[in-house]
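entry.pdb (PDB, C-alpha atoms)
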```
ATOM      1  CA  MET A   1      66.572  33.987 114.693
ATOM      2  CA  LYS A   2      65.643  30.320 114.933
ATOM      3  CA  SER A   3      62.651  29.372 117.043
ATOM      4  CA  LYS A   4      63.107  28.398 120.693
ATOM      5  CA  ALA A   5      61.934  24.863 119.896
ATOM      6  CA  LEU A   6      64.514  24.484 117.146
ATOM      7  CA  MET A   7      67.269  25.832 119.386
ATOM      8  CA  MET A   8      66.360  23.343 122.109
ATOM      9  CA  ALA A   9      66.277  20.472 119.634
ATOM     10  CA  ALA A  10      69.706  21.491 118.373
ATOM     11  CA  SER A  11      71.233  21.856 121.834
ATOM     12  CA  ALA A  12      73.355  18.732 121.593
ATOM     13  CA  VAL A  13      74.909  19.978 118.361
ATOM     14  CA  ALA A  14      75.437  23.453 119.799
ATOM     15  CA  VAL A  15      77.298  22.105 122.805
ATOM     16  CA  LEU A  16      79.734  20.377 120.484
ATOM     17  CA  VAL A  17      80.614  23.674 118.797
ATOM     18  CA  ALA A  18      80.480  25.826 121.919
ATOM     19  CA  ALA A  19      84.263  25.931 122.298
ATOM     20  CA  PRO A  20      85.746  26.568 118.841
ATOM     21  CA  ALA A  21      89.462  26.562 118.186
ATOM     22  CA  ILE A  22      90.967  29.891 119.204
ATOM     23  CA  ALA A  23      93.462  31.640 116.967
ATOM     24  CA  GLN A  24      96.357  32.465 119.265
ATOM     25  CA  VAL A  25      97.973  35.871 118.910
ATOM     26  CA  GLY A  26     100.402  35.802 121.773
ATOM     27  CA  GLY A  27     100.150  32.563 123.709
ATOM     28  CA  GLY A  28      97.510  33.377 126.320
ATOM     29  CA  PRO A  29      95.738  33.303 128.686
ATOM     30  CA  TRP A  30      96.559  36.969 129.115
ATOM     31  CA  GLU A  31      96.239  39.048 132.263
ATOM     32  CA  MET A  32      95.900  42.816 132.605
ATOM     33  CA  PRO A  33      96.544  44.536 135.954
ATOM     34  CA  THR A  34      93.344  45.513 137.750
ATOM     35  CA  ASP A  35      94.906  47.039 140.845
ATOM     36  CA  GLY A  36      97.133  50.067 141.225
ATOM     37  CA  ASP A  37      96.326  52.882 138.806
ATOM     38  CA  LEU A  38      94.604  52.188 135.479
ATOM     39  CA  SER A  39      95.609  55.623 134.165
ATOM     40  CA  THR A  40      99.260  54.693 134.723
ATOM     41  CA  THR A  41      98.803  51.473 132.733
ATOM     42  CA  LEU A  42      97.171  53.360 129.863
ATOM     43  CA  ASP A  43      99.912  56.017 129.948
ATOM     44  CA  CYS A  44     102.526  53.262 129.823
ATOM     45  CA  LEU A  45     100.926  51.646 126.776
ATOM     46  CA  GLU A  46     100.811  54.999 125.001
ATOM     47  CA  ALA A  47     104.449  55.724 125.843
ATOM     48  CA  GLU A  48     105.414  52.312 124.433
ATOM     49  CA  GLY A  49     103.530  53.026 121.193
ATOM     50  CA  LEU A  50     101.042  50.236 121.865
ATOM     51  CA  THR A  51      97.298  49.915 121.334
ATOM     52  CA  ILE A  52      94.911  47.782 123.382
ATOM     53  CA  ILE A  53      91.640  46.341 122.120
ATOM     54  CA  SER A  54      88.273  46.343 123.846
ATOM     55  CA  ALA A  55      86.058  43.381 122.946
ATOM     56  CA  HIS A  56      82.535  44.705 122.359
ATOM     57  CA  ARG A  57      79.959  42.736 124.397
ATOM     58  CA  GLY A  58      82.817  40.480 125.477
ATOM     59  CA  GLY A  59      83.841  39.384 121.963
ATOM     60  CA  PRO A  60      81.181  36.846 120.899
ATOM     61  CA  SER A  61      81.889  34.299 118.162
ATOM     62  CA  PRO A  62      80.181  31.094 116.925
ATOM     63  CA  GLY A  63      79.263  29.009 119.945
ATOM     64  CA  LEU A  64      80.334  31.747 122.349
ATOM     65  CA  PRO A  65      77.515  34.181 123.209
ATOM     66  CA  GLU A  66      77.797  37.861 124.003
ATOM     67  CA  ASN A  67      78.144  39.050 127.605
ATOM     68  CA  ALA A  68      79.305  35.635 128.837
ATOM     69  CA  ILE A  69      82.315  34.790 130.999
ATOM     70  CA  PRO A  70      83.449  31.795 128.849
ATOM     71  CA  THR A  71      83.377  34.079 125.791
ATOM     72  CA  MET A  72      85.582  36.675 127.450
ATOM     73  CA  ASP A  73      87.888  33.989 128.773
ATOM     74  CA  ALA A  74      88.300  32.656 125.231
ATOM     75  CA  VAL A  75      89.262  36.119 123.973
ATOM     76  CA  LEU A  76      91.914  36.400 126.699
ATOM     77  CA  HIS A  77      93.361  33.082 125.559
ATOM     78  CA  ALA A  78      93.839  34.691 122.152
ATOM     79  CA  ALA A  79      95.083  38.173 123.005
ATOM     80  CA  PRO A  80      95.368  40.821 125.731
ATOM     81  CA  ALA A  81      92.133  42.804 125.771
ATOM     82  CA  MET A  82      89.690  44.855 127.748
ATOM     83  CA  MET A  83      86.066  43.697 127.843
ATOM     84  CA  GLU A  84      83.072  45.928 127.170
ATOM     85  CA  ILE A  85      80.034  44.538 128.964
ATOM     86  CA  ASP A  86      76.388  45.539 129.405
ATOM     87  CA  VAL A  87      74.899  45.610 132.890
ATOM     88  CA  ALA A  88      71.166  45.431 133.548
ATOM     89  CA  ALA A  89      69.109  44.728 136.680
ATOM     90  CA  SER A  90      66.270  42.341 137.424
ATOM     91  CA  PRO A  91      63.129  43.743 139.123
ATOM     92  CA  ASP A  92      64.359  42.192 142.378
ATOM     93  CA  GLY A  93      67.638  44.088 142.190
ATOM     94  CA  VAL A  94      70.174  41.577 140.863
ATOM     95  CA  HIS A  95      72.594  43.119 138.371
ATOM     96  CA  TYR A  96      73.620  40.857 135.515
ATOM     97  CA  LEU A  97      75.052  41.002 131.997
ATOM     98  CA  MET A  98      72.444  41.747 129.327
ATOM     99  CA  HIS A  99      72.385  44.155 126.394
ATOM    100  CA  ASP A 100      68.771  44.129 125.194
ATOM    101  CA  ARG A 101      65.634  45.328 126.928
ATOM    102  CA  THR A 102      64.190  41.837 126.456
ATOM    103  CA  LEU A 103      65.577  38.349 127.008
ATOM    104  CA  ASN A 104      64.335  37.056 123.649
ATOM    105  CA  ARG A 105      67.376  37.478 121.398
ATOM    106  CA  THR A 106      70.210  36.242 123.586
ATOM    107  CA  THR A 107      68.594  33.675 125.908
ATOM    108  CA  THR A 108      66.108  30.806 125.940
ATOM    109  CA  GLY A 109      63.713  33.065 127.836
ATOM    110  CA  GLU A 110      61.228  35.732 126.876
ATOM    111  CA  GLY A 111      59.982  38.975 128.363
ATOM    112  CA  THR A 112      61.438  42.315 129.335
ATOM    113  CA  VAL A 113      64.416  42.570 131.650
ATOM    114  CA  SER A 114      62.424  44.827 133.965
ATOM    115  CA  ASP A 115      59.724  42.157 134.452
ATOM    116  CA  VAL A 116      61.549  38.833 134.877
ATOM    117  CA  PRO A 117      62.949  38.042 138.362
ATOM    118  CA  TRP A 118      66.515  36.841 138.718
ATOM    119  CA  GLU A 119      65.463  33.351 139.824
ATOM    120  CA  GLU A 120      63.968  32.812 136.356
ATOM    121  CA  VAL A 121      66.813  34.527 134.497
ATOM    122  CA  SER A 122      69.389  32.402 136.329
ATOM    123  CA  GLN A 123      67.864  29.231 134.871
ATOM    124  CA  LEU A 124      68.070  30.392 131.260
ATOM    125  CA  ARG A 125      70.697  29.403 128.732
ATOM    126  CA  LEU A 126      72.466  31.848 126.432
ATOM    127  CA  VAL A 127      72.294  31.596 122.645
ATOM    128  CA  ASP A 128      74.983  32.736 120.244
ATOM    129  CA  GLU A 129      74.760  35.311 117.447
ATOM    130  CA  ALA A 130      73.256  32.764 115.038
ATOM    131  CA  GLY A 131      70.574  31.851 117.558
ATOM    132  CA  TRP A 132      72.001  28.462 118.531
ATOM    133  CA  LEU A 133      71.780  27.226 122.091
ATOM    134  CA  THR A 134      74.963  27.151 124.196
ATOM    135  CA  PRO A 135      75.685  25.502 127.552
ATOM    136  CA  TYR A 136      76.266  28.863 129.228
ATOM    137  CA  LYS A 137      74.070  30.779 131.654
ATOM    138  CA  VAL A 138      73.583  34.506 132.232
ATOM    139  CA  PRO A 139      76.336  35.758 134.591
ATOM    140  CA  THR A 140      75.739  38.157 137.440
ATOM    141  CA  PHE A 141      77.775  41.341 137.487
ATOM    142  CA  ALA A 142      79.315  40.239 140.797
ATOM    143  CA  ASP A 143      80.487  36.945 139.281
ATOM    144  CA  THR A 144      81.893  38.824 136.282
ATOM    145  CA  LEU A 145      83.858  41.157 138.538
ATOM    146  CA  ALA A 146      85.263  38.187 140.455
ATOM    147  CA  TRP A 147      86.327  36.515 137.211
ATOM    148  CA  ALA A 148      87.865  39.719 135.792
ATOM    149  CA  LYS A 149      89.952  40.602 138.853
ATOM    150  CA  GLY A 150      93.611  40.244 137.900
ATOM    151  CA  LYS A 151      92.668  39.306 134.324
ATOM    152  CA  THR A 152      91.135  42.215 132.454
ATOM    153  CA  VAL A 153      89.641  45.706 132.591
ATOM    154  CA  LEU A 154      85.861  45.949 132.229
ATOM    155  CA  GLN A 155      84.187  48.790 130.362
ATOM    156  CA  VAL A 156      80.792  48.981 132.017
ATOM    157  CA  ASP A 157      77.842  50.026 129.842
ATOM    158  CA  PHE A 158      74.843  50.812 132.041
ATOM    159  CA  LYS A 159      71.505  49.694 130.640
ATOM    160  CA  ARG A 160      68.285  51.506 131.630
ATOM    161  CA  THR A 161      67.470  49.159 134.501
ATOM    162  CA  ALA A 162      70.945  49.365 136.078
ATOM    163  CA  ASP A 163      71.415  51.424 139.224
ATOM    164  CA  PHE A 164      74.640  53.464 139.226
ATOM    165  CA  ALA A 165      75.111  53.360 142.992
ATOM    166  CA  THR A 166      74.591  49.608 143.273
ATOM    167  CA  VAL A 167      76.948  48.855 140.392
ATOM    168  CA  ILE A 168      79.649  51.069 141.894
ATOM    169  CA  SER A 169      79.144  49.452 145.295
ATOM    170  CA  GLU A 170      79.663  46.012 143.736
ATOM    171  CA  ILE A 171      82.813  47.244 141.970
ATOM    172  CA  ARG A 172      84.259  48.495 145.257
ATOM    173  CA  GLU A 173      83.283  45.324 147.086
ATOM    174  CA  ALA A 174      85.173  43.334 144.460
ATOM    175  CA  GLU A 175      88.179  45.678 144.795
ATOM    176  CA  MET A 176      87.972  46.436 141.081
ATOM    177  CA  ALA A 177      87.905  50.258 141.142
ATOM    178  CA  SER A 178      91.171  50.265 139.157
ATOM    179  CA  GLY A 179      89.865  47.598 136.806
ATOM    180  CA  VAL A 180      86.862  49.372 135.309
ATOM    181  CA  ILE A 181      85.960  52.190 132.950
ATOM    182  CA  LEU A 182      82.418  53.489 133.477
ATOM    183  CA  ILE A 183      80.609  54.478 130.275
ATOM    184  CA  ALA A 184      78.596  57.726 130.231
ATOM    185  CA  TYR A 185      76.546  58.934 127.255
ATOM    186  CA  THR A 186      75.551  62.336 128.589
ATOM    187  CA  GLN A 187      77.182  65.028 130.687
ATOM    188  CA  ALA A 188      74.600  64.419 133.411
ATOM    189  CA  GLN A 189      75.502  60.717 133.522
ATOM    190  CA  ALA A 190      79.219  61.511 133.624
ATOM    191  CA  LEU A 191      78.783  63.978 136.480
ATOM    192  CA  ARG A 192      76.658  61.521 138.456
ATOM    193  CA  LEU A 193      79.186  58.714 137.967
ATOM    194  CA  HIS A 194      82.072  60.970 138.980
ATOM    195  CA  GLU A 195      80.151  62.078 142.065
ATOM    196  CA  LEU A 196      79.563  58.458 143.071
ATOM    197  CA  ALA A 197      82.987  57.125 142.049
ATOM    198  CA  PRO A 198      85.620  59.861 141.785
ATOM    199  CA  GLU A 199      88.377  57.246 141.834
ATOM    200  CA  MET A 200      87.123  55.467 138.681
ATOM    201  CA  LEU A 201      87.732  56.357 135.037
ATOM    202  CA  ILE A 202      84.810  57.465 132.884
ATOM    203  CA  SER A 203      84.406  56.933 129.146
ATOM    204  CA  TYR A 204      82.792  60.076 127.748
ATOM    205  CA  SER A 205      82.055  61.032 124.135
ATOM    206  CA  VAL A 206      84.347  63.792 122.872
ATOM    207  CA  ASN A 207      83.933  64.889 119.265
ATOM    208  CA  ALA A 208      86.044  68.067 119.453
ATOM    209  CA  PRO A 209      88.608  69.555 121.856
ATOM    210  CA  GLU A 210      85.902  71.876 123.181
ATOM    211  CA  GLY A 211      83.965  68.812 124.330
ATOM    212  CA  LEU A 212      86.736  67.921 126.747
ATOM    213  CA  ASP A 213      86.950  71.533 127.925
ATOM    214  CA  GLU A 214      83.217  71.528 128.660
ATOM    215  CA  ILE A 215      83.240  68.380 130.794
ATOM    216  CA  VAL A 216      86.317  69.576 132.686
ATOM    217  CA  ALA A 217      84.637  72.926 133.336
ATOM    218  CA  ALA A 218      81.585  71.018 134.577
ATOM    219  CA  GLY A 219      83.677  69.423 137.292
ATOM    220  CA  ILE A 220      85.377  66.240 136.024
ATOM    221  CA  PRO A 221      89.182  66.455 135.807
ATOM    222  CA  ALA A 222      90.753  65.455 132.504
ATOM    223  CA  GLU A 223      92.707  62.669 134.193
ATOM    224  CA  SER A 224      89.404  60.957 135.025
ATOM    225  CA  ILE A 225      88.264  60.922 131.382
ATOM    226  CA  VAL A 226      88.871  58.398 128.611
ATOM    227  CA  ALA A 227      87.573  60.003 125.419
ATOM    228  CA  PHE A 228      85.279  57.982 123.164
ATOM    229  CA  THR A 229      85.688  59.591 119.752
ATOM    230  CA  GLY A 230      83.043  57.852 117.655
ATOM    231  CA  THR A 231      82.786  55.005 115.169
ATOM    232  CA  ARG A 232      82.868  56.627 111.753
ATOM    233  CA  THR A 233      85.387  59.420 111.212
ATOM    234  CA  VAL A 234      89.058  59.035 112.040
ATOM    235  CA  ARG A 235      90.328  62.293 113.610
ATOM    236  CA  PRO A 236      94.125  62.391 114.129
ATOM    237  CA  ASP A 237      93.876  66.116 114.901
ATOM    238  CA  LEU A 238      91.447  65.411 117.740
ATOM    239  CA  TYR A 239      93.606  62.561 119.027
ATOM    240  CA  GLU A 240      96.616  64.869 119.103
ATOM    241  CA  ALA A 241      94.689  67.508 121.045
ATOM    242  CA  LEU A 242      93.494  64.926 123.556
ATOM    243  CA  ASP A 243      96.980  63.478 123.900
ATOM    244  CA  ALA A 244      98.278  66.951 124.719
ATOM    245  CA  GLN A 245      95.978  66.889 127.760
ATOM    246  CA  ASP A 246      96.993  63.329 128.652
ATOM    247  CA  VAL A 247      93.582  61.905 127.789
ATOM    248  CA  GLU A 248      93.468  58.423 126.236
ATOM    249  CA  VAL A 249      91.482  57.911 123.025
ATOM    250  CA  ILE A 250      88.912  55.199 122.338
ATOM    251  CA  PHE A 251      87.687  54.721 118.773
ATOM    252  CA  GLY A 252      85.040  52.184 117.781
ATOM    253  CA  THR A 253      85.245  50.049 114.657
ATOM    254  CA  LEU A 254      82.172  48.165 115.894
ATOM    255  CA  GLY A 255      78.566  48.254 114.757
ATOM    256  CA  ARG A 256      76.346  46.726 112.081
ATOM    257  CA  PRO A 257      78.530  44.620 109.757
ATOM    258  CA  ASP A 258      77.156  46.370 106.674
ATOM    259  CA  ARG A 259      78.159  49.794 108.011
ATOM    260  CA  SER A 260      80.942  49.414 110.553
ATOM    261  CA  LEU A 261      84.661  49.684 109.927
ATOM    262  CA  ASP A 262      84.932  46.137 111.283
ATOM    263  CA  GLY A 263      82.660  45.024 108.448
ATOM    264  CA  ILE A 264      84.545  47.042 105.857
ATOM    265  CA  PHE A 265      87.931  45.706 106.954
ATOM    266  CA  ALA A 266      86.596  42.132 106.840
ATOM    267  CA  ARG A 267      84.981  42.499 103.404
ATOM    268  CA  PHE A 268      87.962  44.124 101.733
ATOM    269  CA  GLY A 269      90.738  42.275 103.551
ATOM    270  CA  THR A 270      92.235  45.440 105.018
ATOM    271  CA  ASP A 271      92.832  44.439 108.619
ATOM    272  CA  GLU A 272      96.072  46.396 108.595
ATOM    273  CA  ARG A 273      93.844  49.434 109.104
ATOM    274  CA  TYR A 274      93.547  48.478 112.782
ATOM    275  CA  ALA A 275      97.276  49.096 113.189
ATOM    276  CA  GLU A 276      96.978  52.354 111.252
ATOM    277  CA  LEU A 277      94.379  53.552 113.740
ATOM    278  CA  GLY A 278      96.864  52.939 116.522
ATOM    279  CA  GLU A 279      99.606  54.712 114.647
ATOM    280  CA  GLY A 280      97.234  57.642 114.137
ATOM    281  CA  GLY A 281      96.682  58.122 117.861
ATOM    282  CA  VAL A 282      93.987  55.660 118.947
ATOM    283  CA  ASP A 283      94.877  54.092 122.307
ATOM    284  CA  ILE A 284      91.911  51.694 122.647
ATOM    285  CA  ILE A 285      90.099  50.110 119.688
ATOM    286  CA  ALA A 286      86.554  49.018 120.577
ATOM    287  CA  THR A 287      85.780  46.214 118.159
ATOM    288  CA  ASP A 288      83.476  43.326 117.294
ATOM    289  CA  ARG A 289      86.512  41.530 115.796
ATOM    290  CA  PRO A 290      88.973  41.359 118.716
ATOM    291  CA  ARG A 291      91.030  38.483 117.291
ATOM    292  CA  ALA A 292      91.453  40.090 113.879
ATOM    293  CA  ALA A 293      92.279  43.466 115.396
ATOM    294  CA  ALA A 294      94.789  41.901 117.781
ATOM    295  CA  ALA A 295      96.453  39.955 114.968
ATOM    296  CA  ALA A 296      96.828  43.128 112.889
ATOM    297  CA  LEU A 297      98.254  45.055 115.838
ATOM    298  CA  ALA A 298     100.645  42.200 116.634
ATOM    299  CA  ALA A 299     101.859  42.121 113.026
ATOM    300  CA  ALA A 300     102.641  45.836 113.292
ATOM    301  CA  GLU A 301     104.263  45.326 116.720
ATOM    302  CA  ARG A 302     101.628  47.533 118.337
ATOM    303  CA  LEU A 303     100.018  44.868 120.540
ATOM    304  CA  PRO A 304     101.286  44.630 124.138
ATOM    305  CA  LYS A 305     103.730  41.814 124.776
ATOM    306  CA  SER A 306     104.021  39.830 127.962
ATOM    307  CA  GLY A 307     105.826  41.836 130.595
ATOM    308  CA  THR A 308     104.907  45.217 129.112
ATOM    309  CA  CYS A 309     103.053  47.715 131.320
ATOM    310  CA  GLY A 310     102.052  44.995 133.770
ATOM    311  CA  ILE A 311     100.376  42.859 131.088
ATOM    312  CA  ASN A 312     101.414  39.215 131.202
ATOM    313  CA  ARG A 313     100.559  35.766 129.994
ATOM    314  CA  GLY A 314      98.913  33.719 132.717
ATOM    315  CA  GLY A 315     101.438  31.919 134.889
ATOM    316  CA  ASN A 316     104.309  34.282 134.006
TER     317      ASN A 316
END
```
Please rewrite the model in this file as structure tokens.
Amino acid sequence: MKSKALMMAASAVAVLVAAPAIAQVGGGPWEMPTDGDLSTTLDCLEAEGLTIISAHRGGPSPGLPENAIPTMDAVLHAAPAMMEIDVAASPDGVHYLMHDRTLNRTTTGEGTVSDVPWEEVSQLRLVDEAGWLTPYKVPTFADTLAWAKGKTVLQVDFKRTADFATVISEIREAEMASGVILIAYTQAQALRLHELAPEMLISYSVNAPEGLDEIVAAGIPAESIVAFTGTRTVRPDLYEALDAQDVEVIFGTLGRPDRSLDGIFARFGTDERYAELGEGGVDIIATDRPRAAAAALAAAERLPKSGTCGINRGGN
């Protein structure tokens, strides 16, 4: 990554490229329902033979940094999508969007998230994937919830500093309980999240039908689970078994460009594979290439259209 001094010197140039032209898929800005019942929306999409995308870290692109509201807003101008975000907490208890344990990679600041107070973090600027300075600041989780309400569903990835109870309290205060999916990596995390927020959906890793049986036996009903099924192996048999229990399937094409399916599709020009994933039973594609995935789904008539399942273009 470029040095902080170089990024600051290049700030004027970075601002000029901070809002690149957006490839339109369906004439956005798009809006997903965030009230009512999220399970009903997902069931509707499945019944219509449609697949929704989830933009990993909010869908960053040149000039648009990860975990930033303008970045997510730009994605919604291109296509209907959920947003996967990372939530961390400052030592003085402010929850904000940040993936790493340190501020070094994605901001103009330095130091560990657990050490830097929010007053300092709030003054920092975000940098994009290439390390160039942008005009954007680190958003609080509360501000992100307020922006997302009536626009998009947030998949909430809890970082080590985040407090489950506080995050859930902020979600309820924003009236976004039907506009989030809480991500759990262990059974203990899933059980704790369900205890705190039984009305919210939980993303939980399921690699075999027995995995769903185990979490249900532990106390979480199947209707509260969205099954994350990995990032490497496509499993139509697993998707069919999950569908039989009315559990939606998430599959990730994201990851390091040299290893991920996103990277493979880009290198070999096989974006039609995104649509094939949907046809094979994937309900939500978690991707680092939301525009490309959306375009491929649209070409195969698998992307939601305005007016379908409560999803609309803004102003409709």
Would you pick out the contacts of stretch 115-131 of chain A at 8 Å or less, using all atoms listed in the file, so that residues sharing its chain but fewer than 3 positions from it are not included, and give the list as a PDB file with C-alpha atoms, keeping the file's coordinate frame?
```pdb
ATOM      1  CA  MET A   1      66.572  33.987 114.693  1.00  0.00           C
ATOM      2  CA  LYS A   2      65.643  30.320 114.933  1.00  0.00           C
ATOM      3  CA  MET A   7      67.269  25.832 119.386  1.00  0.00           C
ATOM      4  CA  PRO A  60      81.181  36.846 120.899  1.00  0.00           C
ATOM      5  CA  SER A  61      81.889  34.299 118.162  1.00  0.00           C
ATOM      6  CA  PRO A  62      80.181  31.094 116.925  1.00  0.00           C
ATOM      7  CA  GLY A  63      79.263  29.009 119.945  1.00  0.00           C
ATOM      8  CA  LEU A  64      80.334  31.747 122.349  1.00  0.00           C
ATOM      9  CA  PRO A  65      77.515  34.181 123.209  1.00  0.00           C
ATOM     10  CA  GLU A  66      77.797  37.861 124.003  1.00  0.00           C
ATOM     11  CA  SER A  90      66.270  42.341 137.424  1.00  0.00           C
ATOM     12  CA  PRO A  91      63.129  43.743 139.123  1.00  0.00           C
ATOM     13  CA  ASP A  92      64.359  42.192 142.378  1.00  0.00           C
ATOM     14  CA  VAL A  94      70.174  41.577 140.863  1.00  0.00           C
ATOM     15  CA  ARG A 105      67.376  37.478 121.398  1.00  0.00           C
ATOM     16  CA  THR A 106      70.210  36.242 123.586  1.00  0.00           C
ATOM     17  CA  THR A 107      68.594  33.675 125.908  1.00  0.00           C
ATOM     18  CA  THR A 108      66.108  30.806 125.940  1.00  0.00           C
ATOM     19  CA  GLY A 109      63.713  33.065 127.836  1.00  0.00           C
ATOM     20  CA  GLY A 111      59.982  38.975 128.363  1.00  0.00           C
ATOM     21  CA  THR A 112      61.438  42.315 129.335  1.00  0.00           C
ATOM     22  CA  THR A 134      74.963  27.151 124.196  1.00  0.00           C
ATOM     23  CA  PRO A 135      75.685  25.502 127.552  1.00  0.00           C
ATOM     24  CA  TYR A 136      76.266  28.863 129.228  1.00  0.00           C
ATOM     25  CA  LYS A 137      74.070  30.779 131.654  1.00  0.00           C
ATOM     26  CA  VAL A 138      73.583  34.506 132.232  1.00  0.00           C
ATOM     27  CA  PRO A 139      76.336  35.758 134.591  1.00  0.00           C
TER      28      PRO A 139
END
```
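The shortest atom-to-atom distance to A:Arg291, with all atoms listed in the file taken into account, belongs to A:Asp262 out of A:Ser224, A:Asp262, A:Ser114, A:Tyr239.
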With 8 Å added on each side, what axis-aligned box encloses every listed atom of stretch 303-316 of chain A? Give the centre and edge lengths in Å to one decimal, as lines of an AutoDock Vina configuration file.
```
center_x = 102.4
center_y = 39.8
center_z = 127.7
size_x = 22.9
size_y = 31.8
size_z = 30.3
```
I'd like the neighbourhood of A:Ala89 as a PDB file with C-alpha atoms, in the frame of the given file, where a residue qualifies if any of its atoms comes within 6 Å (using all atoms listed in the file), though same-chain residues fewer than 2 positions away should be ignored.
```pdb
ATOM      1  CA  GLY A  93      67.638  44.088 142.190  1.00  0.00           C
ATOM      2  CA  VAL A  94      70.174  41.577 140.863  1.00  0.00           C
ATOM      3  CA  HIS A  95      72.594  43.119 138.371  1.00  0.00           C
ATOM      4  CA  THR A 161      67.470  49.159 134.501  1.00  0.00           C
ATOM      5  CA  ALA A 162      70.945  49.365 136.078  1.00  0.00           C
TER       6      ALA A 162
END
```
Return as a PDB file with C-alpha atoms, keeping the file's coordinate frame the set of residues that the PyMOL selection byres ((chain A and resi 178) around 10) yields on the displayed structure.
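Saved to out_12.pdb:
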```
ATOM      1  CA  PRO A  33      96.544  44.536 135.954  1.00  0.00           C
ATOM      2  CA  THR A  34      93.344  45.513 137.750  1.00  0.00           C
ATOM      3  CA  ASP A  35      94.906  47.039 140.845  1.00  0.00           C
ATOM      4  CA  GLY A  36      97.133  50.067 141.225  1.00  0.00           C
ATOM      5  CA  ASP A  37      96.326  52.882 138.806  1.00  0.00           C
ATOM      6  CA  LEU A  38      94.604  52.188 135.479  1.00  0.00           C
ATOM      7  CA  SER A  39      95.609  55.623 134.165  1.00  0.00           C
ATOM      8  CA  LYS A 149      89.952  40.602 138.853  1.00  0.00           C
ATOM      9  CA  VAL A 153      89.641  45.706 132.591  1.00  0.00           C
ATOM     10  CA  LEU A 154      85.861  45.949 132.229  1.00  0.00           C
ATOM     11  CA  ILE A 171      82.813  47.244 141.970  1.00  0.00           C
ATOM     12  CA  ARG A 172      84.259  48.495 145.257  1.00  0.00           C
ATOM     13  CA  GLU A 175      88.179  45.678 144.795  1.00  0.00           C
ATOM     14  CA  MET A 176      87.972  46.436 141.081  1.00  0.00           C
ATOM     15  CA  ALA A 177      87.905  50.258 141.142  1.00  0.00           C
ATOM     16  CA  GLY A 179      89.865  47.598 136.806  1.00  0.00           C
ATOM     17  CA  VAL A 180      86.862  49.372 135.309  1.00  0.00           C
ATOM     18  CA  ILE A 181      85.960  52.190 132.950  1.00  0.00           C
ATOM     19  CA  GLU A 199      88.377  57.246 141.834  1.00  0.00           C
ATOM     20  CA  MET A 200      87.123  55.467 138.681  1.00  0.00           C
ATOM     21  CA  LEU A 201      87.732  56.357 135.037  1.00  0.00           C
TER      22      LEU A 201
END
```
- How would you write, as number ranges by chain, the residues chosen by the PyMOL selection byres ((chain A and resi 152) around 12) on this structure? A: 29-35, 38, 52-55, 58, 69, 72-73, 75-77, 79-85, 144-151, 153-155, 176, 178-181, 310-314
Report as a tab-separated table the residues of stretch 248-293 of chain A within 12 Å of stretch 205-219 of chain A, each with its shortest atom pair and distance in Å (one decimal), using all atoms listed in the file, ordered by chain and increasing residue number.
```
residue	atom	partner	partner_atom	distance
A:Glu248	CA	A:Val206	CA	11.1
A:Val249	CA	A:Val206	CA	9.2
A:Ile250	CA	A:Ser205	CA	9.2
A:Phe251	CA	A:Ser205	CA	10.0
A:Gly252	CA	A:Ser205	CA	11.3
```
Using all atoms listed in the file, give me every residue within 10 Å of (78.1, 43.4, 115.1) in file coordinates, as a tab-separated table (two decimals) with C-alpha atoms, in the frame of the given file.
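Printed below is result.tsv as written:
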```
chain	number	residue	atom	x	y	z
A	56	HIS	CA	82.54	44.70	122.36
A	57	ARG	CA	79.96	42.74	124.40
A	59	GLY	CA	83.84	39.38	121.96
A	60	PRO	CA	81.18	36.85	120.90
A	129	GLU	CA	74.76	35.31	117.45
A	253	THR	CA	85.24	50.05	114.66
A	254	LEU	CA	82.17	48.16	115.89
A	255	GLY	CA	78.57	48.25	114.76
A	256	ARG	CA	76.35	46.73	112.08
A	257	PRO	CA	78.53	44.62	109.76
A	258	ASP	CA	77.16	46.37	106.67
A	259	ARG	CA	78.16	49.79	108.01
A	260	SER	CA	80.94	49.41	110.55
A	262	ASP	CA	84.93	46.14	111.28
A	263	GLY	CA	82.66	45.02	108.45
A	287	THR	CA	85.78	46.21	118.16
A	288	ASP	CA	83.48	43.33	117.29
A	289	ARG	CA	86.51	41.53	115.80
```
- Run the PyMOL selection byres ((chain A and resi 46) around 12) mentally over the shown coordinates, then write out the matched residues as a VMD selection string, using the chain letters and numbers from the document. chain A and resid 39 to 45 47 to 52 243 246 to 249 278 to 284 302 to 304 308 to 309
- Item | Between atom CA of A:Ala190 and atom CA of A:Ile202 - distance in Å to one decimal | 6.9 Å
- Note on the structure: In Å and to one decimal, atom CA of A:Val156 is distant from atom CA of A:Trp132 by 26.1 Å
- Message: Please compute the atom CA of A:Ala142-atom CA of A:Ser306 distance, one decimal, in Å.
- Response: 27.8 Å
- Message: List as a PyMOL selection string the protein and nucleic acid residues near A:Tyr204, meaning an atom at most 8 Å away when only C-alpha atoms are counted, but skip any in the same chain fewer than 6 places from it.
- Response: chain A and resi 183-186+190+225-228
- Message: I'd like the contact shell of A:Ala299 - 9 Å cut-off, only C-alpha atoms, skipping same-chain residues fewer than 4 positions apart - returned as JSON, numbers by chain.
- Response: {"A": [272, 275, 294, 295, 303]}
- Spatial neighbours of A:Asp271, 8 Å, only C-alpha atoms, chain gap at least 5 places, as a count of residues only: 5
